[in-house]
Amino acid sequence: MKTFISAVALAVMMPVVAFAAETAQVGKPAPAFTLKDESGKEHSLAQYKGKIVVLEWTNSDCPFVQRHYTANTMQKTLAGFDAKKVVWLAVDSTASHTPDKVAAWKKEKGFTYPVLQDASGTVGKSYGAKTTPHMYVIDEQGVVRYAGAIDDDPRGNKKEGTTNYVKTAVDALLSGKPVPTSSSEPYGCSVKYKS
Amino acid sequence: MTQHRVRRSSWGGLLFAALGLVLGAGVARAELPATAVSTGAPDQGNPRVEAALLTDVTQVKPGDSFRVGVRFRMDPGWHIYWKNPGESGLASEIVWDTPGTTVGELQWPLPITFRSPDGFITSYGYGEEVLLFAEARVSEQMTGSLQLSAASDILVCEQRCLPAQLMLTRNVPVGPETLKDSEFAPAFDAARASVPVTPESAGHVVSLALDTKPLTAGQPFTGTFTVTAPQGQPAPMVEKDFFIPERIKGIARVELSPVAGKPGTFKVEGTAAADVPAQEPRLAGVLRLGTAASGYRALTLDLALAPVVAAPPGTVAAAPVVKAPPVVVPPPSMGTAVASESSLSLGLVLLFAFLGGALLNLMPCVFPVLALKAYGFTRTVHAERGKVALHALAYAGGIIGSLLVLALVVLALRAGGSSVGWGFQFQEPLFVAAVAAVLVAFALNLFGVFTVGTDGTALVEKVDSSHGLARSAGEGVLAVVLATPCSAPLLGTAVGFALAAGPITVLATFFMLGLGLALPFCLLVLVPGLTKLLPKPGAWMERGKQLLGFALLGTTVWLVWVMGGLTGVDGMARLLAFLAVVGLGAWMYGLAQGAEGGRKVAGVVAVVAVVAVGGLFSLRFEETGPALRKASAVAEAQPWDDAAVTAALKAGQPVFVDFTADWCLTCKFNERTVLTREDVRTAFAQHKVAFFVADWTRRDERISAKLAEFGRAGVPMYLVVSPAAPDKPEVLPELLTPDTVIEAVRRAAERVADAT
């Protein structure tokens, strides 16, 4: 009887695994999206074809994001790229965030790239974004070339020798070389999706 | 920690403080110095975690071993992380500084699995309390006292996450013998007991067989894992969340799922990471055997997987390049048919409309009205033989007339720029309320609360046949009203075509639809001899009539449920309140019917006043209220969205889109009888179908546009899209059968196989 019950319970659990959505994968085309930024302007991935696109999942309430924005990690990384060839898009999939809140945060931190509003979480889930920050680098053909953490310093206590994975990935793409590290374990807060 | 608990809940805090006083009197807690306890993760002034540096000894002899650890106590609902935090979070970390003492590897008790409310993010860690500890050994030369320091770096999360760095220090005296700490040694023993052990030490045998070796970077792999219990022990059973994987270099994802009917056998499914690791990856993690009833046994798992090789060049180019489906759909314009249905001729559309209308009679929505009509017919056919044909005409007139009115409303709305469809009026709460009120009034009439068409029992002999005809026409109207949330085969195509076409086509189509709907009843009347088959009138008719009243109340229950989907639980309550008022009004009207002259007029005025005032106060619906549940009964459904569909297709998954609405009975019928069936679910799981639900319960222009794109005007509509041909979705018929769905899904999946 017990075996039977377990078998039934497991049969019920099984499809959940099978239905786990396949998400953005390194080497595969990046999921398409069209989202409005905090000022209401629309951005679609397709319009940036021909450029390298960096996606940064963000959430101004997350201590990890706060640490990086205090250290200007994202801004500094972007500043090191050729602005004609690289586009930086932040994406906020936090269910509770409004464009106003994001705009205020942007003003406070003084950065200029758009923060795409994904309160429904659809795009975040199609990419499989799990943490903030969670980074993706998409090449000129729209193929995902890097997915994971911004760097190899989850605790933010490395004194020197930090590897910025996004920087190395974009630099490699710009010079036509293979991306040395194409994936890493992202670290940070969980994305606070609508449920 | 004690402090903030007091602040959080004064009663609990007082109790806690009182307990502390009582316990403090008996047990020497003084040996834990202030430097060994710290709080962290301040949340609006309240720390969420308390850490204490503990040892299992009060004094230690040089050269002896002891245990040292940090005990974390979290506020309810808060947790810290295991060494593999999972998909978010941060592993807890303890760095020791212990001169003269060597501290071994950190021991991790069995963690638990946490999921975000939507189930999308899985992580592993500890809630409430955990003791992370290590074995330590004092040097032979040690004298005086041990200095122990632990720096903890943890992330404390609930919904929010707060990082905490905690520095703890204490001294332990060195003496001629090692003395156990009576208070803390048991805590270490308990923590030790929950640390997973190797299968060998527990007498278990484990083995792993991969289906293909070596693994390919970025590609999925499968295999079988078995664990055998020692002789004489029952086969290992497992519960949900029994496997907690470690982070494995070279493996992006790995899952174990039990094989039904074979305890101890597990299917391994994983994906190799895109980067090729220098070393062969291992299957590493923790296996929790047993059940809550039998108790658990945690085993560490560490088996060689297989080497990973780089994906052959060109794999990326071969990845399916998905053409994005059109995002913007031009609204259907007057006079032009939708492209996908342009092959339909007007004649064929009218035939479809007629047959669709006739088939509607077989749908569950119209049934209560048909039953009612059949009953009324039984009565009239015997009482008023000559007028039977007139009644049939009145019924058909009611149907056709109301459909033409509906067609005009549709045309007017379309001229105003709204796109509407079949059944759209059920998206309007006031319409749902009105229909429910009519049904309740009708039911009360059948129960005999009041009468229609006669002025009380005294005037029965004066029955005016025109009143009877009006009733027949009214029943026709009701049939249409109740038929609109139903769709029948052919109907969707016909109405969809009409709505995209010119006004004359719309009117003609709706006219034919009405003829079809009225046909079965008219046939019964107009074909001589059929009436003889009807039962004779008698006492059964009174009971039958009352029984039909309950059928109408049943339909009302469904409408109340629809209202819940539209306006949430508040809207449902408002509707029920209004229905109570309608009931009261009907009862008062019944009383007034028995009265004479001025009292009667006053009674009718009172009824109107009561219903109007009741309606004014109760019928205020806000669509912002949360819907009570999802439109679809299918468990793994995701809300429909073009971007999500595209993403699923790009990932190589066939897509099934269920266009549905709460008020759509055909949709509900399909979901209950087909989409939730075991064999259908199995087919979906087998082909890894992404199941999307487009919920049209409330107005949604995107869904209206999508329906129009396929020449449909209403739900249900079922699309099956193959990743190999994303621009050529297959549209399934309105009435599903399991075979239709399974075959369509199989075809969609096979096209992928052909294409790659």
# chains A, B, ... in the order shown; residues from 1 in each chain; ligands from 1
$ select_by_dssp --residues "range 1-194 of chain A" --states "alpha helix (DSSP H)" --output "PyMOL selection string"
chain A and resi 2-18+63-70+73-79+99-109+122-127+165-174
$ write_last_selection --atoms "C-alpha atoms" --output "short mmCIF file (atom, residue, chain, number, x, y, z; two decimals), in the first residue's frame"
data_model
loop_
_atom_site.label_atom_id
_atom_site.label_comp_id
_atom_site.auth_asym_id
_atom_site.auth_seq_id
_atom_site.Cartn_x
_atom_site.Cartn_y
_atom_site.Cartn_z
CA LYS A 2 2.77 2.37 1.00
CA THR A 3 4.61 1.58 -2.22
CA PHE A 4 1.48 2.30 -4.13
CA ILE A 5 0.95 5.65 -2.44
CA SER A 6 4.55 6.62 -3.06
CA ALA A 7 4.25 5.59 -6.68
CA VAL A 8 1.15 7.74 -7.07
CA ALA A 9 2.79 10.67 -5.30
CA LEU A 10 5.82 10.41 -7.53
CA ALA A 11 3.72 10.08 -10.67
CA VAL A 12 2.09 13.37 -9.66
CA MET A 13 5.45 15.02 -9.06
CA MET A 14 7.06 13.80 -12.25
CA PRO A 15 5.46 16.05 -14.88
CA VAL A 16 6.65 19.08 -12.92
CA VAL A 17 10.18 18.12 -13.78
CA ALA A 18 9.32 17.37 -17.38
CA PRO A 63 22.15 43.97 -1.10
CA PHE A 64 24.29 42.37 -3.82
CA VAL A 65 23.06 44.83 -6.43
CA GLN A 66 23.52 47.67 -3.94
CA ARG A 67 27.11 46.61 -3.37
CA HIS A 68 27.85 46.64 -7.10
CA TYR A 69 26.14 49.98 -7.63
CA THR A 70 28.12 51.49 -4.73
CA THR A 73 30.75 47.73 -11.19
CA MET A 74 28.20 47.78 -14.00
CA GLN A 75 28.84 51.38 -15.03
CA LYS A 76 32.61 50.85 -15.08
CA THR A 77 32.28 47.65 -17.10
CA LEU A 78 30.11 49.39 -19.67
CA ALA A 79 32.47 52.36 -19.84
CA PRO A 99 8.78 52.54 -13.19
CA ASP A 100 8.77 55.54 -10.80
CA LYS A 101 10.77 53.67 -8.18
CA VAL A 102 13.25 52.52 -10.82
CA ALA A 103 13.54 56.03 -12.26
CA ALA A 104 14.27 57.43 -8.80
CA TRP A 105 16.94 54.79 -8.20
CA LYS A 106 18.51 55.49 -11.60
CA LYS A 107 18.66 59.18 -10.75
CA GLU A 108 20.19 58.47 -7.35
CA LYS A 109 22.89 56.24 -8.82
CA THR A 122 7.72 36.66 -18.40
CA VAL A 123 11.02 37.69 -19.91
CA GLY A 124 12.99 36.91 -16.73
CA LYS A 125 11.57 33.41 -16.74
CA SER A 126 12.17 32.93 -20.45
CA TYR A 127 15.84 33.67 -19.76
CA TYR A 165 33.24 37.56 -16.62
CA VAL A 166 31.11 39.99 -18.62
CA LYS A 167 34.11 42.10 -19.51
CA THR A 168 36.18 39.11 -20.61
CA ALA A 169 33.26 37.73 -22.62
CA VAL A 170 32.52 40.99 -24.45
CA ASP A 171 36.23 41.66 -25.05
CA ALA A 172 36.63 38.18 -26.53
CA LEU A 173 33.61 38.66 -28.82
CA LEU A 174 34.84 42.06 -29.99
#
$ interface_residues --of "chain B" --to "chain A" --cutoff "6 Å" --atoms "only C-alpha atoms" --output "number ranges by chain"
B: 88-89, 117-118, 260, 316, 643, 647, 651, 685
$ write_last_selection --atoms "C-alpha atoms" --output "PDB file, in the first residue's frame"
ATOM      1  CA  SER B  88      20.003  31.886  -5.615  1.00  0.00           C
ATOM      2  CA  GLY B  89      21.503  32.902  -2.300  1.00  0.00           C
ATOM      3  CA  PRO B 117       6.302  31.062  -4.223  1.00  0.00           C
ATOM      4  CA  ASP B 118       6.025  30.482  -7.976  1.00  0.00           C
ATOM      5  CA  ALA B 260       7.586   4.312 -10.538  1.00  0.00           C
ATOM      6  CA  VAL B 316      25.300  26.627 -32.932  1.00  0.00           C
ATOM      7  CA  ALA B 643       7.464  36.313 -26.053  1.00  0.00           C
ATOM      8  CA  ALA B 647      11.133  31.407 -26.089  1.00  0.00           C
ATOM      9  CA  ALA B 651      14.177  26.044 -26.812  1.00  0.00           C
ATOM     10  CA  ALA B 685       5.226  15.371 -20.757  1.00  0.00           C
TER      11      ALA B 685
END
$ residues_around --residues "Asp37 in chain A" --least-positions-apart "6" --cutoff "6 Å" --atoms "only C-alpha atoms" --output "PyMOL selection string"
chain A and resi 114-117
$ residues_around --residues "Pro245 in chain B" --least-positions-apart "3" --cutoff "9 Å" --atoms "only C-alpha atoms" --output "PyMOL selection string"
chain B and resi 84+86+248+253-255+283-287+301
$ atom_distance --atom1 "CA of Glu50 in chain B" --atom2 "CA of Gly127 in chain B"
12.3 Å
$ residues_around --residues "Ala51 in chain B" --least-positions-apart "2" --cutoff "9 Å" --atoms "only C-alpha atoms" --output "list in words"
Met1, Ala36, Val37, Ser38, Thr39, Gly40, Val49, Leu53, Val70, Arg71, Phe72, Arg73, Met74, Ser152, Leu166 and Leu168 of chain B
$ write_last_selection --atoms "all heavy atoms" --output "short mmCIF file (atom, residue, chain, number, x, y, z; two decimals), in the first residue's frame"
data_model
loop_
_atom_site.label_atom_id
_atom_site.label_comp_id
_atom_site.auth_asym_id
_atom_site.auth_seq_id
_atom_site.Cartn_x
_atom_site.Cartn_y
_atom_site.Cartn_z
N MET B 1 19.27 38.52 20.21
CA MET B 1 18.12 37.83 19.61
C MET B 1 16.95 37.88 20.58
O MET B 1 15.84 38.22 20.22
CB MET B 1 18.51 36.37 19.35
CG MET B 1 17.52 35.62 18.52
SD MET B 1 17.57 36.16 16.81
CE MET B 1 16.65 34.85 16.08
N ALA B 36 31.11 35.59 22.44
CA ALA B 36 30.80 34.38 21.68
C ALA B 36 29.40 34.43 21.07
O ALA B 36 28.99 33.49 20.40
CB ALA B 36 30.92 33.15 22.57
N VAL B 37 28.66 35.49 21.34
CA VAL B 37 27.30 35.60 20.80
C VAL B 37 27.18 36.92 20.06
O VAL B 37 27.71 37.95 20.51
CB VAL B 37 26.25 35.55 21.95
CG1 VAL B 37 24.84 35.58 21.35
CG2 VAL B 37 26.45 34.31 22.79
N SER B 38 26.53 36.87 18.93
CA SER B 38 26.36 38.10 18.17
C SER B 38 25.08 38.00 17.35
O SER B 38 24.61 36.91 17.04
CB SER B 38 27.57 38.30 17.25
OG SER B 38 27.37 39.41 16.43
N THR B 39 24.53 39.14 17.02
CA THR B 39 23.35 39.14 16.16
C THR B 39 23.67 39.89 14.89
O THR B 39 24.58 40.72 14.85
CB THR B 39 22.14 39.80 16.84
OG1 THR B 39 22.48 41.14 17.17
CG2 THR B 39 21.72 39.05 18.08
N GLY B 40 22.92 39.57 13.85
CA GLY B 40 23.19 40.20 12.56
C GLY B 40 21.95 40.31 11.71
O GLY B 40 20.85 39.97 12.15
N VAL B 49 19.09 37.17 12.77
CA VAL B 49 19.84 35.95 13.07
C VAL B 49 20.69 36.19 14.32
O VAL B 49 21.17 37.30 14.56
CB VAL B 49 20.71 35.53 11.87
CG1 VAL B 49 21.79 36.55 11.57
CG2 VAL B 49 21.34 34.15 12.09
N LEU B 53 29.15 30.98 19.19
CA LEU B 53 30.31 30.10 19.02
C LEU B 53 30.28 29.07 20.15
O LEU B 53 30.41 29.43 21.32
CB LEU B 53 31.59 30.94 19.06
CG LEU B 53 32.91 30.21 18.93
CD1 LEU B 53 32.96 29.37 17.66
CD2 LEU B 53 34.07 31.19 18.94
N VAL B 70 29.43 26.93 15.01
CA VAL B 70 28.63 28.15 15.15
C VAL B 70 27.16 27.76 15.01
O VAL B 70 26.78 27.12 14.03
CB VAL B 70 29.01 29.20 14.10
CG1 VAL B 70 28.14 30.45 14.27
CG2 VAL B 70 30.49 29.56 14.20
N ARG B 71 26.41 28.10 16.05
CA ARG B 71 24.97 27.82 15.99
C ARG B 71 24.24 29.09 15.51
O ARG B 71 24.40 30.16 16.09
CB ARG B 71 24.45 27.43 17.38
CG ARG B 71 22.96 27.07 17.37
CD ARG B 71 22.43 26.93 18.77
NE ARG B 71 22.53 28.20 19.50
CZ ARG B 71 22.43 28.31 20.81
NH1 ARG B 71 22.26 27.24 21.56
NH2 ARG B 71 22.52 29.50 21.39
N PHE B 72 23.48 28.94 14.43
CA PHE B 72 22.70 30.07 13.90
C PHE B 72 21.24 29.85 14.26
O PHE B 72 20.70 28.77 14.05
CB PHE B 72 22.83 30.15 12.37
CG PHE B 72 24.23 30.40 11.91
CD1 PHE B 72 25.05 29.35 11.52
CD2 PHE B 72 24.75 31.69 11.87
CE1 PHE B 72 26.35 29.58 11.09
CE2 PHE B 72 26.06 31.93 11.45
CZ PHE B 72 26.86 30.87 11.05
N ARG B 73 20.63 30.89 14.83
CA ARG B 73 19.19 30.83 15.09
C ARG B 73 18.53 31.94 14.29
O ARG B 73 18.88 33.11 14.44
CB ARG B 73 18.91 31.04 16.57
CG ARG B 73 19.12 29.78 17.38
CD ARG B 73 18.82 30.04 18.83
NE ARG B 73 18.77 28.78 19.57
CZ ARG B 73 18.86 28.70 20.89
NH1 ARG B 73 18.99 29.79 21.62
NH2 ARG B 73 18.81 27.52 21.48
N MET B 74 17.60 31.54 13.43
CA MET B 74 16.94 32.52 12.57
C MET B 74 15.54 32.85 13.08
O MET B 74 14.90 32.02 13.73
CB MET B 74 16.81 31.96 11.14
CG MET B 74 18.04 32.11 10.28
SD MET B 74 19.47 31.13 10.86
CE MET B 74 18.91 29.46 10.53
N SER B 152 31.92 34.51 10.48
CA SER B 152 30.87 33.94 9.63
C SER B 152 30.43 34.97 8.60
O SER B 152 30.22 36.14 8.94
CB SER B 152 29.65 33.55 10.46
OG SER B 152 30.04 32.72 11.51
N LEU B 166 29.55 38.08 10.93
CA LEU B 166 29.53 37.97 12.39
C LEU B 166 30.88 37.48 12.88
O LEU B 166 31.41 36.50 12.38
CB LEU B 166 28.43 36.98 12.82
CG LEU B 166 27.03 37.34 12.34
CD1 LEU B 166 26.13 36.13 12.34
CD2 LEU B 166 26.45 38.43 13.22
N LEU B 168 32.94 36.10 16.06
CA LEU B 168 32.72 35.51 17.39
C LEU B 168 34.06 35.04 17.96
O LEU B 168 34.87 34.45 17.24
CB LEU B 168 31.77 34.31 17.28
CG LEU B 168 30.42 34.57 16.59
CD1 LEU B 168 29.72 33.25 16.31
CD2 LEU B 168 29.55 35.46 17.45
#
$ atom_distance --atom1 "CA of Asp211 in chain B" --atom2 "CA of Ile244 in chain B"
22.0 Å
$ residues_around --residues "Tyr113 in chain A" --least-positions-apart "4" --cutoff "8 Å" --atoms "only C-alpha atoms" --output "JSON, numbers by chain"
{"A": [88, 89, 90]}
